[in-house]
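Shown next: model.cif, containing mmCIF, C-alpha atoms (C1' of nucleotides).
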```cif
data_target
#
loop_
_atom_site.label_atom_id
_atom_site.label_comp_id
_atom_site.auth_asym_id
_atom_site.auth_seq_id
_atom_site.Cartn_x
_atom_site.Cartn_y
_atom_site.Cartn_z
CA MET A 1 0.00 0.00 0.00
CA SER A 2 1.63 3.26 -1.09
CA ILE A 3 0.90 6.48 0.71
CA THR A 4 -0.55 7.98 -2.47
CA ASN A 5 -3.12 5.21 -2.74
CA PHE A 6 -3.89 5.46 0.93
CA LEU A 7 -4.55 9.19 0.86
CA SER A 8 -6.67 8.91 -2.27
CA THR A 9 -8.96 6.21 -0.91
CA LEU A 10 -10.03 8.38 2.01
CA VAL A 11 -10.41 11.84 0.48
CA ALA A 12 -10.58 13.01 -3.14
CA PHE A 13 -7.46 15.09 -3.61
CA THR A 14 -6.56 16.62 -6.97
CA PRO A 15 -3.25 15.51 -8.50
CA GLU A 16 -1.71 18.91 -7.65
CA GLU A 17 -2.84 18.69 -4.05
CA LEU A 18 -1.47 15.18 -3.76
CA LYS A 19 1.85 16.27 -5.17
CA ASP A 20 2.07 19.16 -2.73
CA ILE A 21 1.09 16.95 0.19
CA LEU A 22 3.59 14.24 -0.68
CA SER A 23 6.36 16.82 -0.97
CA HIS A 24 6.01 17.37 2.79
CA PHE A 25 6.76 13.73 3.55
CA SER A 26 10.17 12.16 3.26
CA LYS A 27 10.89 8.53 2.54
CA GLU A 28 13.15 6.70 4.99
CA SER A 29 14.50 3.21 5.43
CA ILE A 30 14.82 2.07 9.00
CA VAL A 31 16.75 -0.98 10.08
CA LYS A 32 15.25 -3.70 12.23
CA ASN A 33 14.93 -3.00 15.94
CA GLN A 34 15.72 0.69 15.63
CA THR A 35 13.95 2.86 18.17
CA LEU A 36 12.23 5.90 16.69
CA VAL A 37 10.94 7.47 19.88
CA HIS A 38 11.99 6.96 23.50
CA GLN A 39 9.61 7.13 26.44
CA GLY A 40 9.76 10.70 27.75
CA ASP A 41 10.84 12.23 24.43
CA VAL A 42 8.49 14.35 22.38
CA CYS A 43 7.51 12.42 19.26
CA LYS A 44 8.52 14.60 16.33
CA PHE A 45 7.21 12.62 13.39
CA LEU A 46 4.22 10.77 12.09
CA TYR A 47 5.20 7.75 9.98
CA PHE A 48 3.27 6.03 7.24
CA VAL A 49 4.41 2.40 7.01
CA GLU A 50 4.95 1.39 3.42
CA GLN A 51 6.89 -1.80 4.13
CA GLY A 52 7.70 -3.65 7.34
CA MET A 53 6.13 -3.17 10.77
CA GLY A 54 6.58 -1.52 14.14
CA ARG A 55 5.16 -1.40 17.63
CA SER A 56 4.74 0.97 20.53
CA TYR A 57 5.45 -0.20 24.06
CA TYR A 58 6.08 1.06 27.56
CA LEU A 59 7.90 -0.21 30.63
CA ASN A 60 5.69 -1.13 33.55
CA GLU A 61 6.62 -0.70 37.22
CA HIS A 62 8.74 -3.89 37.12
CA GLY A 63 10.59 -2.69 34.01
CA LYS A 64 8.80 -5.17 31.77
CA GLU A 65 8.00 -4.14 28.20
CA ILE A 66 4.28 -3.91 27.52
CA THR A 67 3.35 -3.73 23.85
CA GLN A 68 0.70 -1.11 23.34
CA TRP A 69 0.06 -1.39 19.59
CA PHE A 70 1.30 -2.92 16.37
CA PHE A 71 1.61 -0.94 13.16
CA GLY A 72 1.54 -2.85 9.91
CA VAL A 73 1.79 -1.91 6.24
CA GLY A 74 -0.57 0.87 5.20
CA LYS A 75 -0.97 2.35 8.71
CA PHE A 76 0.15 5.54 10.36
CA MET A 77 2.60 4.87 13.17
CA THR A 78 3.26 7.42 15.91
CA SER A 79 2.89 8.06 19.59
CA ALA A 80 -0.38 9.86 18.92
CA ASP A 81 -0.72 11.81 22.09
CA SER A 82 2.87 12.96 22.12
CA PHE A 83 2.93 13.86 18.47
CA PHE A 84 -0.29 15.84 18.35
CA GLN A 85 0.08 17.62 21.69
CA GLN A 86 3.90 17.73 21.57
CA THR A 87 4.10 16.31 25.06
CA PRO A 88 6.51 13.65 26.41
CA SER A 89 5.71 10.27 24.98
CA LEU A 90 4.38 7.54 27.28
CA TYR A 91 5.65 5.00 24.77
CA TYR A 92 8.67 3.80 22.94
CA LEU A 93 8.24 3.38 19.20
CA GLU A 94 10.38 0.84 17.38
CA VAL A 95 10.40 -1.04 14.10
CA LEU A 96 10.37 -4.83 14.27
CA GLU A 97 11.73 -5.46 10.76
CA ASN A 98 13.62 -3.45 8.19
CA THR A 99 10.95 -0.92 7.42
CA VAL A 100 10.23 1.76 4.83
CA VAL A 101 8.25 4.76 6.03
CA TYR A 102 7.14 8.17 4.85
CA SER A 103 7.64 10.60 7.68
CA ILE A 104 6.20 14.02 8.27
CA SER A 105 6.99 16.50 11.03
CA LYS A 106 4.45 18.12 13.31
CA GLU A 107 5.13 21.52 11.71
CA ASN A 108 4.56 20.15 8.24
CA ILE A 109 1.38 18.32 9.04
CA ASP A 110 -0.01 21.36 10.83
CA LEU A 111 0.84 23.34 7.74
CA LEU A 112 -1.10 20.86 5.61
CA PHE A 113 -4.01 20.80 8.06
CA ALA A 114 -4.18 24.58 7.84
CA LYS A 115 -3.76 24.73 4.08
CA TYR A 116 -6.19 21.97 3.09
CA HIS A 117 -9.56 21.57 4.71
CA LYS A 118 -9.60 18.10 3.11
CA MET A 119 -6.41 17.21 4.93
CA GLU A 120 -7.99 18.14 8.25
CA LYS A 121 -10.83 15.84 7.33
CA LEU A 122 -8.42 13.04 6.54
CA GLY A 123 -6.84 13.57 9.95
CA ARG A 124 -10.23 13.28 11.58
CA LEU A 125 -11.10 10.10 9.67
CA VAL A 126 -7.81 8.41 10.48
CA THR A 127 -8.21 9.29 14.14
CA ILE A 128 -11.74 7.91 14.26
CA GLU A 129 -10.55 4.67 12.71
CA MET A 130 -7.88 4.38 15.36
CA LEU A 131 -10.46 5.10 18.05
CA THR A 132 -12.64 2.30 16.73
CA LYS A 133 -9.75 -0.14 16.78
CA MET A 134 -8.83 0.84 20.31
CA THR A 135 -12.41 0.23 21.34
CA ASN A 136 -12.30 -3.20 19.74
CA LYS A 137 -9.16 -4.00 21.65
CA ILE A 138 -10.79 -3.07 24.94
CA ASN A 139 -13.80 -5.22 24.24
CA ALA A 140 -11.60 -8.13 23.25
CA ILE A 141 -9.34 -7.89 26.23
CA GLN A 142 -11.66 -6.90 29.01
CA PHE A 143 -14.00 -9.85 29.13
CA GLN A 144 -12.56 -12.60 27.11
CA THR A 145 -10.51 -15.65 27.95
CA ALA A 146 -6.87 -15.84 26.96
CA ARG A 147 -7.79 -18.02 23.98
CA GLU A 148 -10.39 -15.55 22.68
CA ARG A 149 -7.94 -12.70 23.02
CA TYR A 150 -5.52 -14.53 20.80
CA ASP A 151 -8.28 -15.00 18.22
CA TYR A 152 -8.80 -11.25 18.30
CA MET A 153 -5.07 -10.76 17.69
CA LEU A 154 -5.21 -13.04 14.65
CA SER A 155 -8.15 -11.16 13.17
CA GLU A 156 -6.84 -7.66 13.87
CA PHE A 157 -3.21 -8.30 12.91
CA PRO A 158 -3.17 -11.37 10.66
CA ASP A 159 0.00 -10.22 8.94
CA ILE A 160 1.82 -9.52 12.19
CA ALA A 161 0.76 -12.33 14.50
CA TYR A 162 3.22 -14.87 13.17
CA GLN A 163 6.17 -12.60 12.66
CA VAL A 164 6.93 -11.06 15.99
CA PRO A 165 8.33 -12.51 19.23
CA LEU A 166 5.80 -14.26 21.41
CA GLY A 167 6.45 -11.96 24.33
CA HIS A 168 5.44 -8.87 22.34
CA ILE A 169 2.08 -10.41 21.54
CA ALA A 170 1.53 -11.75 25.04
CA SER A 171 2.05 -8.35 26.62
CA TYR A 172 -0.15 -6.72 23.98
CA LEU A 173 -2.94 -9.14 24.91
CA GLY A 174 -2.45 -8.76 28.63
CA MET A 175 -1.25 -12.25 29.43
CA THR A 176 2.06 -13.93 30.16
CA GLN A 177 4.26 -15.47 27.55
CA GLU A 178 3.78 -18.88 29.14
CA THR A 179 0.02 -18.68 28.85
CA LEU A 180 0.21 -17.64 25.21
CA SER A 181 2.64 -20.43 24.47
CA ARG A 182 0.23 -22.99 25.94
CA ILE A 183 -2.67 -21.55 23.97
CA ARG A 184 -0.89 -21.59 20.68
CA LYS A 185 -0.67 -25.36 20.58
CA MET B 1 -19.96 23.71 31.23
CA SER B 2 -22.02 25.22 28.44
CA ILE B 3 -21.51 24.18 24.87
CA THR B 4 -20.52 27.72 23.89
CA ASN B 5 -17.69 27.73 26.42
CA PHE B 6 -16.63 24.29 25.37
CA LEU B 7 -16.41 25.15 21.69
CA SER B 8 -14.56 28.38 22.38
CA THR B 9 -11.87 26.79 24.53
CA LEU B 10 -10.77 24.47 21.74
CA VAL B 11 -10.93 26.65 18.62
CA ALA B 12 -11.20 30.42 18.18
CA PHE B 13 -14.58 30.93 16.54
CA THR B 14 -15.94 34.39 15.80
CA PRO B 15 -19.24 35.32 17.48
CA GLU B 16 -21.07 34.95 14.15
CA GLU B 17 -19.59 31.52 13.53
CA LEU B 18 -20.53 30.44 17.04
CA LYS B 19 -24.05 31.65 16.55
CA ASP B 20 -24.39 29.78 13.28
CA ILE B 21 -22.91 26.61 14.76
CA LEU B 22 -25.17 26.71 17.81
CA SER B 23 -28.22 27.16 15.60
CA HIS B 24 -27.59 23.63 14.30
CA PHE B 25 -27.85 22.13 17.76
CA SER B 26 -31.08 21.73 19.67
CA LYS B 27 -31.45 21.67 23.41
CA GLU B 28 -33.27 18.69 24.91
CA SER B 29 -34.19 17.45 28.34
CA ILE B 30 -34.05 13.71 28.79
CA VAL B 31 -35.52 11.87 31.74
CA LYS B 32 -33.56 9.43 33.85
CA ASN B 33 -32.98 5.97 32.37
CA GLN B 34 -34.19 6.87 28.90
CA THR B 35 -32.43 5.00 26.11
CA LEU B 36 -31.21 7.21 23.27
CA VAL B 37 -29.81 4.54 21.00
CA HIS B 38 -30.45 0.80 20.84
CA GLN B 39 -27.86 -1.77 19.89
CA GLY B 40 -28.29 -2.40 16.16
CA ASP B 41 -29.80 1.01 15.41
CA VAL B 42 -27.89 3.67 13.56
CA CYS B 43 -27.01 6.45 15.96
CA LYS B 44 -28.51 9.61 14.52
CA PHE B 45 -27.26 12.27 16.93
CA LEU B 46 -24.24 13.52 18.72
CA TYR B 47 -25.07 14.89 22.18
CA PHE B 48 -23.22 17.46 24.22
CA VAL B 49 -23.96 16.85 27.91
CA GLU B 50 -24.71 20.12 29.65
CA GLN B 51 -26.20 18.59 32.79
CA GLY B 52 -26.53 15.03 34.03
CA MET B 53 -24.71 11.95 32.76
CA GLY B 54 -25.02 8.94 30.51
CA ARG B 55 -23.33 5.70 29.59
CA SER B 56 -22.89 3.38 26.65
CA TYR B 57 -23.14 -0.38 27.16
CA TYR B 58 -23.62 -3.62 25.28
CA LEU B 59 -24.99 -7.05 26.08
CA ASN B 60 -22.44 -9.82 26.20
CA GLU B 61 -23.06 -13.43 25.13
CA HIS B 62 -24.82 -14.18 28.44
CA GLY B 63 -27.05 -11.14 28.08
CA LYS B 64 -25.22 -9.22 30.77
CA GLU B 65 -24.87 -5.45 30.40
CA ILE B 66 -21.27 -4.33 29.98
CA THR B 67 -20.72 -0.60 30.45
CA GLN B 68 -18.42 0.70 27.76
CA TRP B 69 -18.10 4.35 28.69
CA PHE B 70 -19.46 7.06 30.96
CA PHE B 71 -20.26 10.54 29.69
CA GLY B 72 -20.28 13.38 32.19
CA VAL B 73 -20.96 17.09 32.02
CA GLY B 74 -19.03 18.89 29.28
CA LYS B 75 -18.47 15.79 27.12
CA PHE B 76 -19.80 14.67 23.79
CA MET B 77 -21.88 11.51 24.10
CA THR B 78 -22.58 9.27 21.14
CA SER B 79 -21.94 5.81 19.75
CA ALA B 80 -18.95 7.19 17.83
CA ASP B 81 -18.54 4.50 15.26
CA SER B 82 -22.21 4.28 14.46
CA PHE B 83 -22.71 8.02 14.32
CA PHE B 84 -19.75 8.86 12.11
CA GLN B 85 -20.01 5.89 9.75
CA GLN B 86 -23.80 5.62 10.02
CA THR B 87 -23.54 1.90 10.71
CA PRO B 88 -25.50 -0.18 13.27
CA SER B 89 -24.45 0.68 16.78
CA LEU B 90 -22.66 -1.94 18.87
CA TYR B 91 -23.86 -0.12 21.95
CA TYR B 92 -26.88 1.12 23.78
CA LEU B 93 -26.76 4.73 24.88
CA GLU B 94 -28.76 5.80 27.91
CA VAL B 95 -28.87 8.62 30.41
CA LEU B 96 -28.41 7.76 34.08
CA GLU B 97 -30.00 10.91 35.48
CA ASN B 98 -32.33 13.59 34.22
CA THR B 99 -30.04 15.12 31.66
CA VAL B 100 -29.85 18.23 29.48
CA VAL B 101 -28.11 17.84 26.14
CA TYR B 102 -27.49 19.78 22.96
CA SER B 103 -28.01 17.39 20.07
CA ILE B 104 -26.90 17.63 16.48
CA SER B 105 -27.70 15.31 13.59
CA LYS B 106 -25.14 13.68 11.31
CA GLU B 107 -26.35 15.80 8.39
CA ASN B 108 -25.95 19.00 10.34
CA ILE B 109 -22.54 18.22 11.69
CA ASP B 110 -21.32 17.20 8.24
CA LEU B 111 -22.65 20.49 7.01
CA LEU B 112 -20.68 22.32 9.66
CA PHE B 113 -17.56 20.26 8.99
CA ALA B 114 -17.83 21.19 5.31
CA LYS B 115 -18.61 24.83 5.94
CA TYR B 116 -16.01 25.55 8.61
CA HIS B 117 -12.48 24.28 8.37
CA LYS B 118 -12.20 25.20 12.07
CA MET B 119 -15.08 22.90 12.87
CA GLU B 120 -13.31 20.02 11.16
CA LYS B 121 -10.33 20.80 13.31
CA LEU B 122 -12.49 20.77 16.42
CA GLY B 123 -13.78 17.37 15.37
CA ARG B 124 -10.25 16.10 15.03
CA LEU B 125 -9.22 17.47 18.43
CA VAL B 126 -12.21 15.99 20.21
CA THR B 127 -11.58 12.63 18.59
CA ILE B 128 -7.92 12.64 19.60
CA GLU B 129 -8.88 13.43 23.17
CA MET B 130 -11.25 10.48 23.17
CA LEU B 131 -8.53 8.27 21.70
CA THR B 132 -6.18 9.28 24.51
CA LYS B 133 -8.78 8.45 27.12
CA MET B 134 -9.48 5.09 25.55
CA THR B 135 -5.79 4.36 25.63
CA ASN B 136 -5.65 5.27 29.30
CA LYS B 137 -8.49 2.91 30.00
CA ILE B 138 -6.70 0.06 28.28
CA ASN B 139 -3.55 0.66 30.25
CA ALA B 140 -5.49 0.83 33.48
CA ILE B 141 -7.50 -2.29 32.85
CA GLN B 142 -5.07 -4.54 31.12
CA PHE B 143 -2.37 -4.89 33.74
CA GLN B 144 -3.70 -3.62 36.97
CA THR B 145 -5.28 -5.25 39.95
CA ALA B 146 -8.94 -4.73 40.68
CA ARG B 147 -8.08 -2.14 43.32
CA GLU B 148 -5.90 -0.12 40.94
CA ARG B 149 -8.63 -0.16 38.33
CA TYR B 150 -11.01 1.35 40.77
CA ASP B 151 -8.47 4.08 41.50
CA TYR B 152 -8.37 4.77 37.76
CA MET B 153 -12.17 5.04 37.76
CA LEU B 154 -12.07 7.58 40.57
CA SER B 155 -9.49 9.70 38.75
CA GLU B 156 -11.12 9.54 35.31
CA PHE B 157 -14.72 9.95 36.48
CA PRO B 158 -14.63 11.56 39.91
CA ASP B 159 -18.05 13.11 39.42
CA ILE B 160 -19.63 9.86 38.28
CA ALA B 161 -18.06 7.19 40.46
CA TYR B 162 -20.33 7.74 43.43
CA GLN B 163 -23.56 8.34 41.59
CA VAL B 164 -24.18 5.27 39.49
CA PRO B 165 -25.11 1.68 40.40
CA LEU B 166 -22.20 -0.49 41.44
CA GLY B 167 -22.82 -2.97 38.65
CA HIS B 168 -22.35 -0.34 35.95
CA ILE B 169 -18.93 0.55 37.30
CA ALA B 170 -17.92 -3.06 37.87
CA SER B 171 -18.65 -4.03 34.28
CA TYR B 172 -16.91 -0.90 33.01
CA LEU B 173 -13.80 -1.94 34.94
CA GLY B 174 -13.97 -5.55 33.88
CA MET B 175 -14.72 -7.13 37.21
CA THR B 176 -17.74 -8.53 39.01
CA GLN B 177 -19.98 -6.53 41.24
CA GLU B 178 -18.97 -8.68 44.19
CA THR B 179 -15.30 -7.93 43.71
CA LEU B 180 -15.94 -4.20 43.44
CA SER B 181 -18.09 -4.30 46.55
CA ARG B 182 -15.25 -5.98 48.49
CA ILE B 183 -12.75 -3.43 47.21
CA ARG B 184 -14.80 -0.43 48.12
CA LYS B 185 -14.56 -1.08 51.82
"C1'" DA C 1 29.21 -26.45 11.42
"C1'" DC C 2 29.77 -24.78 16.32
"C1'" DT C 3 28.97 -21.80 20.10
"C1'" DA C 4 26.67 -18.38 22.45
"C1'" DT C 5 22.56 -16.12 23.15
"C1'" DA C 6 17.91 -15.49 22.95
"C1'" DA C 7 13.17 -17.35 22.45
"C1'" DT C 8 9.91 -20.77 23.50
"C1'" DT C 9 8.00 -24.56 25.89
"C1'" DT C 10 7.00 -27.33 29.86
"C1'" DG C 11 6.10 -28.39 34.82
"C1'" DA C 12 4.68 -27.60 39.64
"C1'" DC C 13 2.49 -24.72 42.45
"C1'" DA C 14 0.06 -20.23 44.14
"C1'" DT C 15 -3.55 -16.80 44.05
"C1'" DA C 16 -6.66 -13.07 42.51
"C1'" DG C 17 -10.80 -12.85 41.27
"C1'" DG C 18 -14.91 -15.52 39.49
"C1'" DT C 19 -19.30 -18.12 40.53
"C1'" DC C 20 -23.30 -19.19 42.96
"C1'" DA C 21 -26.32 -18.64 46.72
"C1'" DA C 22 -27.97 -16.49 50.71
"C1'" DA C 23 -28.47 -12.43 53.72
"C1'" DT C 24 -28.88 -7.79 54.47
"C1'" DG C 25 -29.83 -2.99 53.46
"C1'" DC C 26 -32.31 0.70 51.11
"C1'" DA C 27 -35.79 3.05 48.62
"C1'" DT C 28 -40.21 3.57 46.53
"C1'" DT C 29 -45.28 3.05 46.48
"C1'" DG C 30 -49.69 2.50 48.12
"C1'" DC D 1 -45.39 2.56 57.92
"C1'" DA D 2 -45.68 -1.86 55.84
"C1'" DA D 3 -44.53 -4.27 51.96
"C1'" DT D 4 -42.32 -5.09 47.75
"C1'" DG D 5 -38.53 -5.03 44.82
"C1'" DC D 6 -33.69 -3.71 43.79
"C1'" DA D 7 -28.96 -3.03 45.03
"C1'" DT D 8 -25.28 -4.28 47.84
"C1'" DT D 9 -22.71 -7.16 50.82
"C1'" DT D 10 -21.03 -11.47 52.62
"C1'" DG D 11 -19.56 -16.38 52.55
"C1'" DA D 12 -17.75 -20.73 50.66
"C1'" DC D 13 -15.67 -22.70 47.15
"C1'" DC D 14 -13.48 -23.03 42.31
"C1'" DT D 15 -10.68 -22.09 38.26
"C1'" DA D 16 -8.01 -19.62 34.84
"C1'" DT D 17 -4.01 -17.65 34.69
"C1'" DG D 18 0.20 -16.02 37.04
"C1'" DT D 19 4.88 -17.10 39.03
"C1'" DC D 20 9.22 -19.18 39.13
"C1'" DA D 21 12.48 -22.36 37.50
"C1'" DA D 22 14.29 -25.61 34.45
"C1'" DA D 23 14.51 -27.81 29.88
"C1'" DT D 24 14.36 -27.41 25.10
"C1'" DT D 25 14.59 -25.28 20.69
"C1'" DA D 26 15.69 -21.61 17.41
"C1'" DT D 27 18.85 -17.88 15.76
"C1'" DA D 28 22.93 -15.45 14.65
"C1'" DG D 29 27.89 -14.67 14.65
"C1'" DT D 30 32.55 -16.60 13.92
#
```
Structure encoded using structure tokens:
Amino acid sequence: MSITNFLSTLVAFTPEELKDILSHFSKESIVKNQTLVHQGDVCKFLYFVEQGMGRSYYLNEHGKEITQWFFGVGKFMTSADSFFQQTPSLYYLEVLENTVVYSISKENIDLLFAKYHKMEKLGRLVTIEMLTKMTNKINAIQFQTARERYDYMLSEFPDIAYQVPLGHIASYLGMTQETLSRIRK
Amino acid sequence: MSITNFLSTLVAFTPEELKDILSHFSKESIVKNQTLVHQGDVCKFLYFVEQGMGRSYYLNEHGKEITQWFFGVGKFMTSADSFFQQTPSLYYLEVLENTVVYSISKENIDLLFAKYHKMEKLGRLVTIEMLTKMTNKINAIQFQTARERYDYMLSEFPDIAYQVPLGHIASYLGMTQETLSRIRK
DNA sequence: ACTATAATTTGACATAGGTCAAATGCATTG
DNA sequence: CAATGCATTTGACCTATGTCAAATTATAGT
């Protein structure tokens, strides 16, 4: 999924608008396991994942990594709160494979939001989609057994579920690695 | 918190804009326990709560009500997904007290989004705030003990925590009524 | 191919919170 | 001010999942 296709499917931009918008993004290749944002830093960029995948996570009181979200191909990856409010990030952001992204700074996206009403709309739509997915996660995790939670994982992240370390998935689903290992059989 | 104040604190509208925007809302009084949206219906309105409170909930596989969110004074209340995509709602929406709201239809809000770039921005900001709160809920619920979850409830909904039936709060927090009752002592 | 290191699986045991049922408390209505 | 119906609390017992530790398997570097 290229960023051009992605933008076009949500809002009808003219070719000139698209060109202008794209010129504010820059393409980057990021090597596996690189950390893009550290907990406590202000997240400076929003990333569109063209290839590869990433995750956000935080360290709990015992210093254990808790995966907060996975970002696959065709999604925007960022520490949303930190990026949009320019406040310290609660999360680390890292890529889990060699990954190709289009990045845009807060200044540039604000510029686009201000310049194009349609871009503001796109921002709203993308945020609502994320909100819906968050809500789904809560419903899956809050009242379901460990096995059902894993089924949710498979349906929400089919492309990711088999490619990342077990522990990342277990912490995302709110269970221990051991439990997930037993379920997987 | 009046809707005028609320709108003004997020985006700088001119008095004329505000007047026009407000003219698309209508004030309504809703009696305690009235259901605004049924599961399966398309949610037709977005409500700004001026007085009172409401909640969204769904029925799980055993027919038990699971509270999904509480909406207090100064918040927008709706079944977000259903309202914005005009799809069947996963949730019931009901008021828990006699409540005063300002309601706006999907057509009218779309009209305002299209007419005022600033309104689109407001929509984006409100959605991001909701996304942040959802994320907080996940973090609270996923890895914390029953007691810590209740502390989260008190901090997120201080005005609501003592005014609604125990069962509503327990299901919101992902625990049984009995457990919450034991904790509260 | 051979280590070293990390990831996963397995086992034995512990416990927070669930379930079910009964008892108590509280509020609303005639 | 009974009487009825909900909401909350309490008790006894149960189970899914956590914890900790060891064994096994996969991965990556030389």
Legend entry - Within 10 Å of region 6-8 of chain C using all atoms listed in the file, minus same-chain residues under 3 positions, as a PyMOL selection string: (chain A and resi 165-167+177-178+181) or (chain D and resi 24-28)
Inset, instruction - Define the interface residues of chain D facing chain B as those within 10 Å, counting all atoms listed in the file, and report them as number ranges by chain. - result: D: 7-10
Legend entry - Selection near region 109-123 of chain A, 7 Å with only C-alpha atoms (C1' of nucleotides), sequence-local residues under 5 positions removed, as a ChimeraX atom specification: /A:10-11,104 /B:117,120-121,124
Please, which residues in chain A fall within 9 Å of chain B when counting only C-alpha atoms, and what is the closest atom pair and distance in Å to one decimal for each, ordered by chain then residue number, as CSV?
```
residue,atom,partner,partner_atom,distance
A:Asn60,CA,B:Phe143,CA,8.9
A:Gln68,CA,B:Asn139,CA,8.3
A:Ala80,CA,B:Ile128,CA,8.1
A:Asp81,CA,B:Thr132,CA,6.5
A:Phe84,CA,B:Ile128,CA,8.4
A:Phe113,CA,B:Lys121,CA,8.2
A:Ala114,CA,B:His117,CA,8.3
A:Tyr116,CA,B:His117,CA,8.5
A:His117,CA,B:His117,CA,5.4
A:Lys118,CA,B:His117,CA,8.6
A:Glu120,CA,B:Lys121,CA,6.2
A:Lys121,CA,B:Glu120,CA,6.2
A:Gly123,CA,B:Arg124,CA,6.6
A:Arg124,CA,B:Arg124,CA,4.5
A:Leu125,CA,B:Arg124,CA,8.1
A:Thr127,CA,B:Ile128,CA,6.4
A:Ile128,CA,B:Thr127,CA,6.4
A:Glu129,CA,B:Asp81,CA,8.4
A:Met130,CA,B:Leu131,CA,7.5
A:Leu131,CA,B:Leu131,CA,5.2
A:Thr132,CA,B:Asp81,CA,6.5
A:Met134,CA,B:Met134,CA,6.8
A:Thr135,CA,B:Met134,CA,7.1
A:Lys137,CA,B:Ile138,CA,8.2
A:Ile138,CA,B:Ile138,CA,6.1
A:Asn139,CA,B:Gln68,CA,8.3
A:Ile141,CA,B:Gln142,CA,7.3
A:Gln142,CA,B:Gly174,CA,5.6
A:Phe143,CA,B:Gly174,CA,6.4
A:Tyr172,CA,B:Gln142,CA,8.9
A:Leu173,CA,B:Gln142,CA,8.0
A:Gly174,CA,B:Gln142,CA,5.6
A:Met175,CA,B:Phe143,CA,8.6
```
Legend entry - Residues returned when the PyMOL selection byres ((chain B and resi 36) around 7) runs on this file, as a VMD selection string: chain B and resid 34 to 35 37 to 38 93 to 94
Legend entry - Among the residues B:Ala146, B:Lys32, B:Glu156, B:Gln163, the one that comes closest to chain C [using only C-alpha atoms (C1' of nucleotides)]: B:Ala146
Legend entry - Residue list as number ranges by chain for point (0.9, 8.5, 0.9), cut-off 9 Å, all atoms listed in the file: A: 1-8, 18, 21-22, 25, 48, 50, 74, 102
Write the residues you've just listed into a file as a tab-separated table (two decimals), in the coordinates of the input, and include C-alpha atoms for each of them.
```tsv
chain	number	residue	atom	x	y	z
A	1	MET	CA	0.00	0.00	0.00
A	2	SER	CA	1.63	3.26	-1.09
A	3	ILE	CA	0.90	6.48	0.71
A	4	THR	CA	-0.55	7.98	-2.47
A	5	ASN	CA	-3.12	5.21	-2.74
A	6	PHE	CA	-3.89	5.46	0.93
A	7	LEU	CA	-4.55	9.19	0.86
A	8	SER	CA	-6.67	8.91	-2.27
A	18	LEU	CA	-1.47	15.18	-3.76
A	21	ILE	CA	1.09	16.95	0.19
A	22	LEU	CA	3.59	14.24	-0.68
A	25	PHE	CA	6.76	13.73	3.55
A	48	PHE	CA	3.27	6.03	7.24
A	50	GLU	CA	4.95	1.39	3.42
A	74	GLY	CA	-0.57	0.87	5.20
A	102	TYR	CA	7.14	8.17	4.85
```
Inset, instruction - Tell me the residues of chain C close to chain B, meaning within 12 Å using only C-alpha atoms (C1' of nucleotides), as a list in words. - result: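 Taking only C-alpha atoms (C1' of nucleotides) into account, DA16, DG17, DG18, DT19 and DC20 of chain C sit within 12 Å of chain B.
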Inset, instruction - In Å, rounded to a single decimal, give me how far CA of Tyr58 (chain A) is from CA of Leu90 (chain A). - result: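 Computing it gives 6.7 Å between the two atoms.
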